file model_22.cif (mmCIF, C-alpha atoms)
data_my_file
loop_
_atom_site.label_atom_id
_atom_site.label_comp_id
_atom_site.auth_asym_id
_atom_site.auth_seq_id
_atom_site.Cartn_x
_atom_site.Cartn_y
_atom_site.Cartn_z
CA MET A 71 -12.01 -57.42 -4.41
CA ILE A 72 -12.16 -53.69 -4.05
CA GLU A 73 -11.03 -51.84 -7.10
CA LEU A 74 -9.09 -48.70 -6.26
CA HIS A 75 -9.65 -45.70 -8.48
CA TRP A 76 -6.10 -44.39 -8.63
CA GLN A 77 -6.71 -42.23 -11.64
CA ALA A 78 -9.80 -40.60 -10.14
CA ALA A 79 -8.06 -40.02 -6.82
CA TRP A 80 -5.09 -38.39 -8.61
CA GLU A 81 -7.38 -36.14 -10.64
CA ALA A 82 -9.30 -35.15 -7.50
CA LEU A 83 -6.03 -34.32 -5.75
CA ILE A 84 -4.43 -32.14 -8.42
CA HIS A 85 -7.66 -30.34 -9.33
CA HIS A 86 -8.69 -29.65 -5.74
CA PRO A 87 -9.03 -25.86 -5.16
CA LEU A 88 -6.43 -26.11 -2.38
CA PHE A 89 -3.80 -27.89 -4.49
CA GLY A 90 -2.23 -24.63 -5.70
CA VAL A 91 -2.09 -23.30 -2.15
CA ALA A 92 -0.57 -26.56 -0.89
CA ILE A 93 2.26 -26.70 -3.44
CA THR A 94 2.98 -22.96 -3.00
CA LEU A 95 3.25 -23.29 0.80
CA ALA A 96 5.32 -26.48 0.65
CA VAL A 97 7.66 -25.38 -2.12
CA PHE A 98 8.22 -21.94 -0.59
CA GLN A 99 9.23 -23.41 2.79
CA LEU A 100 11.59 -25.79 1.03
CA ALA A 101 13.12 -22.95 -1.02
CA TYR A 102 13.37 -20.73 2.05
CA ALA A 103 15.10 -23.44 4.11
CA ALA A 104 17.57 -24.07 1.27
CA TYR A 105 18.32 -20.35 1.05
CA GLU A 106 18.77 -20.00 4.84
CA LYS A 107 21.14 -22.93 4.91
CA THR A 108 23.34 -22.01 1.95
CA ARG A 109 22.87 -18.19 1.72
CA TRP A 110 23.61 -18.69 -1.96
CA VAL A 111 22.24 -15.72 -3.98
CA PHE A 112 20.87 -17.81 -6.83
CA LEU A 113 18.65 -19.66 -4.37
CA GLN A 114 16.52 -16.50 -4.00
CA PRO A 115 13.30 -18.02 -2.54
CA VAL A 116 10.81 -16.41 -4.96
CA LEU A 117 12.84 -17.53 -7.98
CA VAL A 118 13.35 -21.12 -6.74
CA SER A 119 9.69 -21.45 -5.73
CA MET A 120 8.57 -20.11 -9.10
CA THR A 121 10.78 -22.57 -11.01
CA LEU A 122 9.68 -25.58 -8.94
CA ILE A 123 5.99 -24.68 -9.16
CA VAL A 124 6.15 -24.16 -12.93
CA GLY A 125 7.78 -27.63 -13.10
CA ILE A 126 5.09 -29.24 -10.95
CA LEU A 127 2.28 -27.58 -12.93
CA LEU A 128 3.76 -28.75 -16.25
CA LEU A 129 4.19 -32.31 -14.93
CA CYS A 130 0.62 -32.42 -13.66
CA GLY A 131 -0.75 -30.77 -16.80
CA ILE A 132 -2.33 -27.88 -14.90
CA ASP A 133 -2.47 -24.58 -16.78
CA TYR A 134 -1.60 -21.22 -15.23
CA ASP A 135 -5.23 -20.05 -15.01
CA GLU A 136 -6.22 -23.00 -12.84
CA TYR A 137 -3.22 -22.44 -10.55
CA ARG A 138 -3.90 -18.70 -10.38
CA ILE A 139 -7.49 -19.26 -9.24
CA SER A 140 -6.37 -21.77 -6.63
CA ALA A 141 -3.56 -19.56 -5.34
CA GLN A 142 -5.92 -16.59 -5.00
CA TRP A 143 -6.22 -17.47 -1.34
CA LEU A 144 -2.61 -16.24 -0.99
CA THR A 145 -2.57 -13.54 -3.67
CA LEU A 146 -5.52 -11.79 -2.04
CA LEU A 147 -3.31 -10.99 0.95
CA LEU A 148 -1.00 -8.88 -1.26
CA GLY A 149 -3.42 -5.95 -0.90
CA PRO A 150 -3.38 -5.82 2.94
CA ALA A 151 0.39 -6.52 2.84
CA THR A 152 0.88 -3.43 0.65
CA VAL A 153 -1.23 -1.41 3.11
CA ALA A 154 0.91 -2.85 5.95
CA LEU A 155 4.00 -1.15 4.48
CA ALA A 156 2.66 2.08 6.03
CA VAL A 157 3.61 0.74 9.47
CA PRO A 158 7.42 0.38 9.05
CA LEU A 159 7.26 3.65 7.12
CA TYR A 160 5.64 5.35 10.11
CA LEU A 161 7.90 3.70 12.69
CA ASN A 162 10.99 4.99 10.84
CA LEU A 163 9.53 8.44 10.29
CA ARG A 164 12.21 10.19 12.31
CA ARG A 165 15.01 8.71 10.18
CA ILE A 166 13.11 9.55 7.00
CA ARG A 167 12.56 13.17 8.08
CA GLU A 168 16.26 13.58 8.76
CA LEU A 169 17.04 12.50 5.22
CA PHE A 170 14.13 14.24 3.49
CA GLY A 171 16.27 16.23 1.01
CA PRO A 172 18.41 13.30 -0.19
CA ILE A 173 15.28 11.13 -0.55
CA VAL A 174 13.42 13.61 -2.76
CA ILE A 175 16.46 14.30 -4.98
CA THR A 176 17.36 10.61 -5.34
CA LEU A 177 13.78 9.71 -6.12
CA LEU A 178 13.39 12.30 -8.87
CA VAL A 179 16.82 11.88 -10.48
CA ALA A 180 17.21 8.11 -10.12
CA GLY A 181 13.53 7.38 -10.83
CA VAL A 182 13.62 9.25 -14.14
CA PHE A 183 17.05 7.75 -14.93
CA ALA A 184 15.89 4.15 -14.30
CA THR A 185 12.82 4.53 -16.52
CA ALA A 186 14.64 6.40 -19.30
CA LEU A 187 17.58 3.96 -19.34
CA GLY A 188 15.26 0.95 -19.70
CA MET A 189 13.41 2.54 -22.60
CA ALA A 190 16.60 3.76 -24.29
CA LEU A 191 18.17 0.28 -24.12
CA ALA A 192 15.00 -1.37 -25.44
CA TRP A 193 14.99 1.11 -28.31
CA ALA A 194 18.69 0.43 -29.01
CA PHE A 195 18.03 -3.34 -29.02
CA GLY A 196 15.36 -2.73 -31.64
CA ALA A 197 12.26 -3.50 -29.61
CA ASP A 198 9.00 -2.23 -31.12
CA ASP A 199 6.77 0.44 -29.58
CA MET A 200 4.55 -2.10 -27.87
CA ILE A 201 7.48 -3.75 -26.03
CA LEU A 202 8.91 -0.30 -25.27
CA MET A 203 5.70 0.78 -23.56
CA THR A 204 5.56 -2.55 -21.74
CA LEU A 205 9.11 -2.15 -20.44
CA ALA A 206 8.69 1.46 -19.31
CA PRO A 207 6.98 0.78 -15.98
CA LYS A 208 9.10 -2.30 -15.08
CA SER A 209 10.61 -0.73 -11.96
CA VAL A 210 7.30 -0.38 -10.13
CA THR A 211 5.12 -2.81 -8.25
CA SER A 212 2.99 -4.98 -10.55
CA PRO A 213 -0.52 -3.55 -10.01
CA ILE A 214 0.73 -0.05 -10.89
CA ALA A 215 2.93 -1.34 -13.72
CA MET A 216 -0.03 -3.18 -15.26
CA LEU A 217 -2.25 -0.11 -15.04
CA VAL A 218 0.40 2.16 -16.53
CA ALA A 219 1.30 -0.30 -19.31
CA GLU A 220 -2.35 -0.38 -20.32
CA GLN A 221 -2.62 3.41 -20.34
CA ILE A 222 0.45 3.95 -22.52
CA GLY A 223 -0.23 1.07 -24.93
CA GLY A 224 1.81 -1.89 -23.66
CA VAL A 225 0.88 -5.53 -22.96
CA VAL A 226 -0.59 -5.77 -19.46
CA ALA A 227 0.28 -9.39 -18.71
CA LEU A 228 3.79 -9.12 -20.12
CA ALA A 229 4.36 -5.98 -18.01
CA ALA A 230 3.71 -8.06 -14.88
CA VAL A 231 6.31 -10.59 -16.10
CA PHE A 232 8.96 -7.91 -16.71
CA VAL A 233 8.21 -6.52 -13.26
CA MET A 234 8.73 -9.93 -11.67
CA ILE A 235 11.97 -10.62 -13.59
CA THR A 236 13.30 -7.18 -12.62
CA GLY A 237 12.38 -7.70 -8.98
CA VAL A 238 13.95 -11.16 -8.74
CA LEU A 239 17.14 -9.98 -10.50
CA GLY A 240 17.35 -7.04 -8.10
CA ALA A 241 16.91 -9.26 -5.05
CA ILE A 242 19.56 -11.71 -6.30
CA PHE A 243 22.27 -9.28 -7.41
CA GLY A 244 21.31 -6.10 -5.55
CA PRO A 245 22.78 -6.66 -2.06
CA GLU A 246 26.14 -8.00 -3.34
CA LEU A 247 26.41 -5.38 -6.08
CA LEU A 248 25.71 -2.52 -3.66
CA ARG A 249 28.40 -3.85 -1.33
CA ARG A 250 30.92 -4.09 -4.19
CA PHE A 251 30.29 -0.44 -5.03
CA GLY A 252 30.69 0.62 -1.43
CA VAL A 253 27.04 1.42 -0.69
CA GLN A 254 26.75 0.48 2.99
CA HIS A 255 24.30 3.00 4.41
CA PRO A 256 21.04 1.11 5.19
CA ALA A 257 18.95 4.03 3.89
CA ALA A 258 20.84 4.11 0.57
CA ARG A 259 20.63 0.31 0.18
CA GLY A 260 16.90 0.39 0.97
CA ILE A 261 16.16 3.21 -1.48
CA ALA A 262 18.13 1.47 -4.25
CA LEU A 263 16.38 -1.88 -3.72
CA GLY A 264 12.88 -0.41 -3.38
CA LEU A 265 13.17 2.05 -6.26
CA THR A 266 14.51 -0.41 -8.84
CA ALA A 267 13.20 -3.79 -7.63
CA HIS A 268 9.84 -2.81 -5.99
CA ALA A 269 8.18 -5.42 -3.72
CA VAL A 270 10.72 -8.22 -4.22
CA GLY A 271 13.53 -5.76 -3.51
CA THR A 272 11.63 -4.49 -0.47
CA ALA A 273 11.18 -8.05 0.82
CA GLN A 274 14.96 -8.51 0.43
CA ALA A 275 15.64 -5.18 2.17
CA LEU A 276 13.40 -6.20 5.10
CA GLN A 277 15.73 -9.20 5.59
CA GLU A 278 18.71 -6.85 5.97
CA SER A 279 17.19 -4.60 8.63
CA ASP A 280 13.99 -2.79 9.60
CA GLU A 281 15.50 0.54 8.63
CA CYS A 282 16.62 -0.73 5.23
CA GLY A 283 13.13 -2.19 4.69
CA ALA A 284 11.41 1.06 5.67
CA PHE A 285 13.41 3.03 3.12
CA ALA A 286 12.76 0.38 0.48
CA ALA A 287 9.02 0.57 1.19
CA LEU A 288 9.18 4.35 0.96
CA ALA A 289 11.08 4.29 -2.34
CA MET A 290 8.80 1.61 -3.78
CA SER A 291 5.61 3.48 -2.98
CA LEU A 292 6.85 6.92 -4.02
CA MET A 293 8.30 5.51 -7.26
CA GLY A 294 4.97 3.78 -7.86
CA VAL A 295 2.96 6.94 -7.32
CA MET A 296 5.38 8.99 -9.42
CA THR A 297 5.29 6.49 -12.31
CA ALA A 298 1.50 6.16 -12.19
CA VAL A 299 0.95 9.89 -12.35
CA LEU A 300 3.85 11.11 -14.51
CA LEU A 301 4.58 8.37 -17.07
CA PRO A 302 1.19 8.49 -18.85
CA LEU A 303 1.44 12.31 -18.90
CA VAL A 304 4.96 12.27 -20.36
CA VAL A 305 4.06 9.67 -23.00
CA ALA A 306 0.93 11.65 -23.95
CA LEU A 307 3.03 14.83 -24.34
CA LEU A 308 5.84 13.20 -26.36
CA LEU A 309 3.78 11.14 -28.83
CA MET B 205 -4.56 -8.97 19.06
CA LEU B 206 -3.44 -9.95 15.57
CA LEU B 207 -7.02 -9.97 14.24
CA ARG B 208 -7.77 -6.38 15.15
CA GLY B 209 -4.68 -5.15 13.31
CA LEU B 210 -5.51 -7.35 10.34
CA THR B 211 -9.04 -5.93 10.24
CA TRP B 212 -7.65 -2.40 9.99
CA LEU B 213 -5.30 -3.41 7.16
CA VAL B 214 -8.15 -5.02 5.22
CA ALA B 215 -10.45 -2.06 5.93
CA PHE B 216 -7.88 0.42 4.58
CA GLN B 217 -7.34 -1.70 1.47
CA LEU B 218 -11.12 -1.74 0.85
CA LEU B 219 -11.36 2.00 1.46
CA GLY B 220 -8.53 2.41 -1.08
CA THR B 221 -10.48 0.34 -3.60
CA VAL B 222 -13.60 2.51 -3.16
CA LEU B 223 -11.58 5.71 -3.65
CA ASN B 224 -9.83 4.13 -6.66
CA VAL B 225 -13.16 3.58 -8.40
CA LEU B 226 -14.59 6.94 -7.39
CA PHE B 227 -11.74 9.41 -7.88
CA LEU B 228 -8.31 7.93 -8.63
CA PRO B 229 -8.42 5.35 -11.45
CA MET B 230 -4.63 5.67 -12.04
CA LEU B 231 -3.65 4.52 -8.55
CA PRO B 232 -4.36 0.95 -7.37
CA GLY B 233 -6.50 0.52 -4.24
CA PRO B 234 -3.78 -0.95 -1.98
CA ILE B 235 -1.43 1.99 -2.67
CA ILE B 236 -4.20 4.48 -1.80
CA GLY B 237 -4.91 2.39 1.32
CA MET B 238 -1.25 2.54 2.34
CA VAL B 239 -1.11 6.33 1.91
CA LEU B 240 -4.32 6.70 3.96
CA LEU B 241 -3.08 4.40 6.75
CA PHE B 242 0.19 6.35 6.85
CA ALA B 243 -1.76 9.63 7.10
CA GLY B 244 -3.94 8.07 9.81
CA LEU B 245 -0.90 6.99 11.83
CA LEU B 246 0.58 10.49 11.49
CA ALA B 247 -2.67 12.07 12.69
CA ARG B 248 -2.99 9.65 15.60
CA GLY B 249 0.67 9.92 16.57
CA ARG B 250 1.20 6.22 17.34
CA ALA B 251 0.86 2.73 15.85
CA SER B 252 -1.08 0.31 18.08
CA GLU B 253 0.52 -2.98 19.09
CA SER B 254 -2.08 -5.03 17.22
CA LEU B 255 -1.42 -3.10 14.01
CA GLN B 256 2.35 -3.53 14.36
CA LEU B 257 1.90 -7.25 14.99
CA ALA B 258 -0.41 -7.74 11.98
CA ALA B 259 1.86 -5.67 9.71
CA SER B 260 5.08 -7.44 10.67
CA SER B 261 3.43 -10.87 10.39
CA LEU B 262 2.15 -10.14 6.89
CA LEU B 263 5.37 -8.50 5.73
CA ARG B 264 7.46 -11.44 6.91
CA TYR B 265 5.59 -13.56 4.38
CA LEU B 266 5.65 -11.00 1.56
CA PRO B 267 8.04 -13.16 -0.55
CA LEU B 268 5.58 -16.08 -0.26
CA LEU B 269 2.69 -13.90 -1.46
CA LEU B 270 4.73 -12.86 -4.51
CA VAL B 271 5.24 -16.44 -5.69
CA PRO B 272 1.86 -16.93 -7.47
CA PRO B 273 2.21 -13.75 -9.61
CA ALA B 274 5.78 -14.82 -10.44
CA VAL B 275 4.52 -18.18 -11.73
CA GLY B 276 2.58 -16.12 -14.31
CA VAL B 277 5.81 -16.08 -16.33
CA MET B 278 4.89 -19.58 -17.58
CA ALA B 279 1.91 -18.22 -19.49
CA TYR B 280 4.20 -16.02 -21.61
CA THR B 281 7.19 -18.26 -22.30
CA GLU B 282 6.71 -18.07 -26.09
CA ALA B 283 6.53 -14.28 -26.22
CA ILE B 284 9.60 -14.07 -23.99
CA LEU B 285 11.62 -16.67 -25.94
CA ASP B 286 10.97 -14.78 -29.22
CA ASP B 287 12.82 -11.70 -27.97
CA PHE B 288 14.79 -13.46 -25.25
CA TRP B 289 18.18 -11.75 -25.54
CA ALA B 290 16.80 -8.27 -26.15
CA ILE B 291 14.53 -8.55 -23.11
CA VAL B 292 17.19 -10.06 -20.86
CA GLY B 293 19.75 -7.49 -22.04
CA VAL B 294 17.43 -4.57 -21.36
CA LEU B 295 16.20 -5.88 -18.01
CA VAL B 296 19.63 -6.90 -16.68
CA ILE B 297 21.64 -3.88 -17.84
CA SER B 298 19.07 -1.24 -16.88
CA LEU B 299 18.40 -2.85 -13.50
CA LEU B 300 22.05 -3.23 -12.51
CA VAL B 301 23.06 0.24 -13.68
CA SER B 302 20.12 2.04 -12.08
CA LEU B 303 20.41 0.04 -8.85
CA VAL B 304 24.03 1.00 -8.33
CA PHE B 305 23.40 4.58 -9.48
CA THR B 306 20.48 4.98 -7.05
CA GLY B 307 22.43 3.58 -4.09
CA TRP B 308 25.49 5.65 -4.93
CA LEU B 309 23.50 8.88 -5.38
CA MET B 310 21.58 8.41 -2.13
CA GLN B 311 24.73 7.61 -0.15
CA THR B 312 26.60 10.59 -1.62
CA LEU B 313 23.72 12.93 -0.74
CA ILE B 314 23.49 11.52 2.79
CA ARG B 315 27.24 11.99 3.35
CA ARG B 316 27.15 15.52 1.99
CA LYS B 317 24.27 16.38 4.29
CA GLN B 318 26.11 14.89 7.28
CA ARG B 319 29.23 16.93 6.44
CA GLN B 320 27.16 20.11 6.17
CA GLN B 321 25.58 19.45 9.56
CA GLU B 322 28.96 18.77 11.13
CA GLY B 323 30.37 21.93 9.56
CA ALA B 324 27.48 24.09 10.75
#
call {"tool": "encode", "arguments": {"input": "model_22.cif", "output": "structure tokens"}}
result
Amino acid sequence: MIELHWQAAWEALIHHPLFGVAITLAVFQLAYAAYEKTRWVFLQPVLVSMTLIVGILLLCGIDYDEYRISAQWLTLLLGPATVALAVPLYLNLRRIRELFGPIVITLLVAGVFATALGMALAWAFGADDMILMTLAPKSVTSPIAMLVAEQIGGVVALAAVFVMITGVLGAIFGPELLRRFGVQHPAARGIALGLTAHAVGTAQALQESDECGAFAALAMSLMGVMTAVLLPLVVALLL
Amino acid sequence: MLLRGLTWLVAFQLLGTVLNVLFLPMLPGPIIGMVLLFAGLLARGRASESLQLAASSLLRYLPLLLVPPAVGVMAYTEAILDDFWAIVGVLVISLLVSLVFTGWLMQTLIRRKQRQQEGA
């Protein structure tokens, strides 16, 4: 009689370098199909996928580091995808030029407001300096946020988490909230989503329309550059 | 040709990384790459079909690419649970208020500009 090595086969399966990629691809398609079918805001695909994958990893006893290394195959593409944002930006250049003044003013006023409000609230809730400095760059895309958090004395890994939570919240509540407050202009919706909810907001804006996505990409990148350059300077001057 | 466009995107990201190490440690490589590609497109005056195809294909799957970093939350559950309500309060309130404020401000400025142009 042939003895089957179930345990060994199971271990080989869940520890295969492609296992993380496989569950990410499968779960994301499932989450995306569910969202397309129901259009229910809480089924935001990134959030649902994240929850399901965390569940699977816990059940299989795989820690985050092992998953992260396996999923690198996907994460590596984030770099070229960020570079790719230059294309919708360029294709919508005419629209952006027309609205140059409003974009610059909104970016400066709302960008400073978003950062200051987050820090003021954290201070009011009694968070310590370390959490304060970790929360400061939460509106910008994670690579910049992590760099900035490190420079001003926050926790790098936790900064990435705050960035993700902010982005997912923005993608879930943003479109409906903007509609409630009468913000219908695609440029205004795009700027709001990109400036406050970075890449996840931009991904959501791209679903609305190309124009909305282009403005979100613009706001995300300019907010990122502004935060990276100005926030460490401001913190250095104030403390 | 999807591959040709993809090659350019990767090349600009790598160029960004080189410049990041050499001159601009505060800006991540991909952001520098994006700025350079944008400048390149401006200088050239058009975006080739292959580049548009590669960019739109990648951007369609941007939410998928963001899933693995999002799973990183699981590594910090304890730290988050310790200050759960403070963190949620800060993140939710500041996001919702600044999102609406940003959208409102931008729309108001756009409308004012349109009125000025109509009046002129």
call {"tool": "resolve_selection", "arguments": {"input": "model_22.cif", "expression": "the PyMOL selection byres ((chain A) within 6 of (chain B))", "output": "compact mmCIF listing (two decimals) with C-alpha atoms, in the frame of the given file"}}
result
# COMPACT_ATOMS: atom_id res chain seq x y z
CA VAL A 116 10.81 -16.41 -4.96
CA MET A 120 8.57 -20.11 -9.10
CA LEU A 144 -2.61 -16.24 -0.99
CA THR A 145 -2.57 -13.54 -3.67
CA GLY A 149 -3.42 -5.95 -0.90
CA PRO A 150 -3.38 -5.82 2.94
CA ALA A 151 0.39 -6.52 2.84
CA THR A 152 0.88 -3.43 0.65
CA VAL A 153 -1.23 -1.41 3.11
CA ALA A 154 0.91 -2.85 5.95
CA ALA A 156 2.66 2.08 6.03
CA PRO A 172 18.41 13.30 -0.19
CA THR A 176 17.36 10.61 -5.34
CA ALA A 180 17.21 8.11 -10.12
CA ALA A 184 15.89 4.15 -14.30
CA LEU A 187 17.58 3.96 -19.34
CA GLY A 188 15.26 0.95 -19.70
CA LEU A 191 18.17 0.28 -24.12
CA ALA A 192 15.00 -1.37 -25.44
CA PHE A 195 18.03 -3.34 -29.02
CA VAL A 231 6.31 -10.59 -16.10
CA MET A 234 8.73 -9.93 -11.67
CA ALA A 258 20.84 4.11 0.57
CA ARG A 259 20.63 0.31 0.18
CA ALA A 262 18.13 1.47 -4.25
CA THR A 266 14.51 -0.41 -8.84
call {"tool": "atom_distance", "arguments": {"input": "model_22.cif", "atom1": "atom CA of Ala267 of chain A", "atom2": "atom CA of Glu220 of chain A"}}
result
20.4 Å
call {"tool": "closest_residue", "arguments": {"input": "model_22.cif", "among": "A:Ala92, A:Ala284, A:Ala141, A:Ala230", "to": "Gly271 of chain A", "atoms": "all atoms listed in the file"}}
result
A:Ala284
call {"tool": "resolve_selection", "arguments": {"input": "model_22.cif", "expression": "the PyMOL selection byres ((chain A and resi 214) around 12)", "output": "ChimeraX atom specification"}}
result
/A:206-213,215-221,226,229-230,233,268-269,290-299,301-302 /B:229-236
call {"tool": "atom_distance", "arguments": {"input": "model_22.cif", "atom1": "atom CA of Trp110 of chain A", "atom2": "atom CA of Gln274 of chain A"}}
result
13.6 Å
call {"tool": "atom_distance", "arguments": {"input": "model_22.cif", "atom1": "atom CA of Leu276 of chain A", "atom2": "atom CA of Leu148 of chain A"}}
result
16.0 Å
call {"tool": "decode", "arguments": {"input": "model_22.cif", "residues": "segment 210-227 of chain B", "atoms": "N, CA and C atoms", "output": "JSON list (two decimals), in the first residue's frame"}}
result
[["chain", "number", "residue", "atom", "x", "y", "z"],
["B", 210, "LEU", "N", 6.21, 48.73, -21.23],
["B", 210, "LEU", "CA", 6.58, 48.24, -19.90],
["B", 210, "LEU", "C", 8.06, 48.45, -19.64],
["B", 211, "THR", "N", 8.87, 48.23, -20.67],
["B", 211, "THR", "CA", 10.32, 48.43, -20.54],
["B", 211, "THR", "C", 10.63, 49.88, -20.19],
["B", 212, "TRP", "N", 9.95, 50.82, -20.86],
["B", 212, "TRP", "CA", 10.16, 52.23, -20.53],
["B", 212, "TRP", "C", 9.80, 52.53, -19.09],
["B", 213, "LEU", "N", 8.65, 51.99, -18.64],
["B", 213, "LEU", "CA", 8.21, 52.25, -17.26],
["B", 213, "LEU", "C", 9.25, 51.74, -16.27],
["B", 214, "VAL", "N", 9.74, 50.51, -16.51],
["B", 214, "VAL", "CA", 10.74, 49.94, -15.60],
["B", 214, "VAL", "C", 12.04, 50.76, -15.67],
["B", 215, "ALA", "N", 12.43, 51.16, -16.90],
["B", 215, "ALA", "CA", 13.66, 51.92, -17.05],
["B", 215, "ALA", "C", 13.59, 53.24, -16.28],
["B", 216, "PHE", "N", 12.43, 53.93, -16.36],
["B", 216, "PHE", "CA", 12.30, 55.20, -15.64],
["B", 216, "PHE", "C", 12.30, 54.99, -14.14],
["B", 217, "GLN", "N", 11.70, 53.89, -13.68],
["B", 217, "GLN", "CA", 11.73, 53.60, -12.24],
["B", 217, "GLN", "C", 13.17, 53.38, -11.78],
["B", 218, "LEU", "N", 13.97, 52.65, -12.60],
["B", 218, "LEU", "CA", 15.36, 52.38, -12.23],
["B", 218, "LEU", "C", 16.19, 53.66, -12.26],
["B", 219, "LEU", "N", 15.95, 54.49, -13.26],
["B", 219, "LEU", "CA", 16.62, 55.78, -13.35],
["B", 219, "LEU", "C", 16.31, 56.60, -12.09],
["B", 220, "GLY", "N", 15.03, 56.57, -11.68],
["B", 220, "GLY", "CA", 14.61, 57.27, -10.47],
["B", 220, "GLY", "C", 15.36, 56.77, -9.25],
["B", 221, "THR", "N", 15.55, 55.45, -9.18],
["B", 221, "THR", "CA", 16.26, 54.86, -8.04],
["B", 221, "THR", "C", 17.71, 55.34, -8.01],
["B", 222, "VAL", "N", 18.36, 55.39, -9.19],
["B", 222, "VAL", "CA", 19.75, 55.85, -9.25],
["B", 222, "VAL", "C", 19.85, 57.30, -8.77],
["B", 223, "LEU", "N", 18.93, 58.16, -9.26],
["B", 223, "LEU", "CA", 18.96, 59.57, -8.87],
["B", 223, "LEU", "C", 18.64, 59.73, -7.38],
["B", 224, "ASN", "N", 17.77, 58.84, -6.86],
["B", 224, "ASN", "CA", 17.41, 58.86, -5.44],
["B", 224, "ASN", "C", 18.67, 58.66, -4.58],
["B", 225, "VAL", "N", 19.48, 57.68, -4.97],
["B", 225, "VAL", "CA", 20.68, 57.38, -4.19],
["B", 225, "VAL", "C", 21.72, 58.49, -4.35],
["B", 226, "LEU", "N", 21.83, 59.01, -5.57],
["B", 226, "LEU", "CA", 22.86, 60.01, -5.84],
["B", 226, "LEU", "C", 22.55, 61.39, -5.26],
["B", 227, "PHE", "N", 21.32, 61.88, -5.54],
["B", 227, "PHE", "CA", 21.06, 63.30, -5.23],
["B", 227, "PHE", "C", 19.86, 63.56, -4.31]]
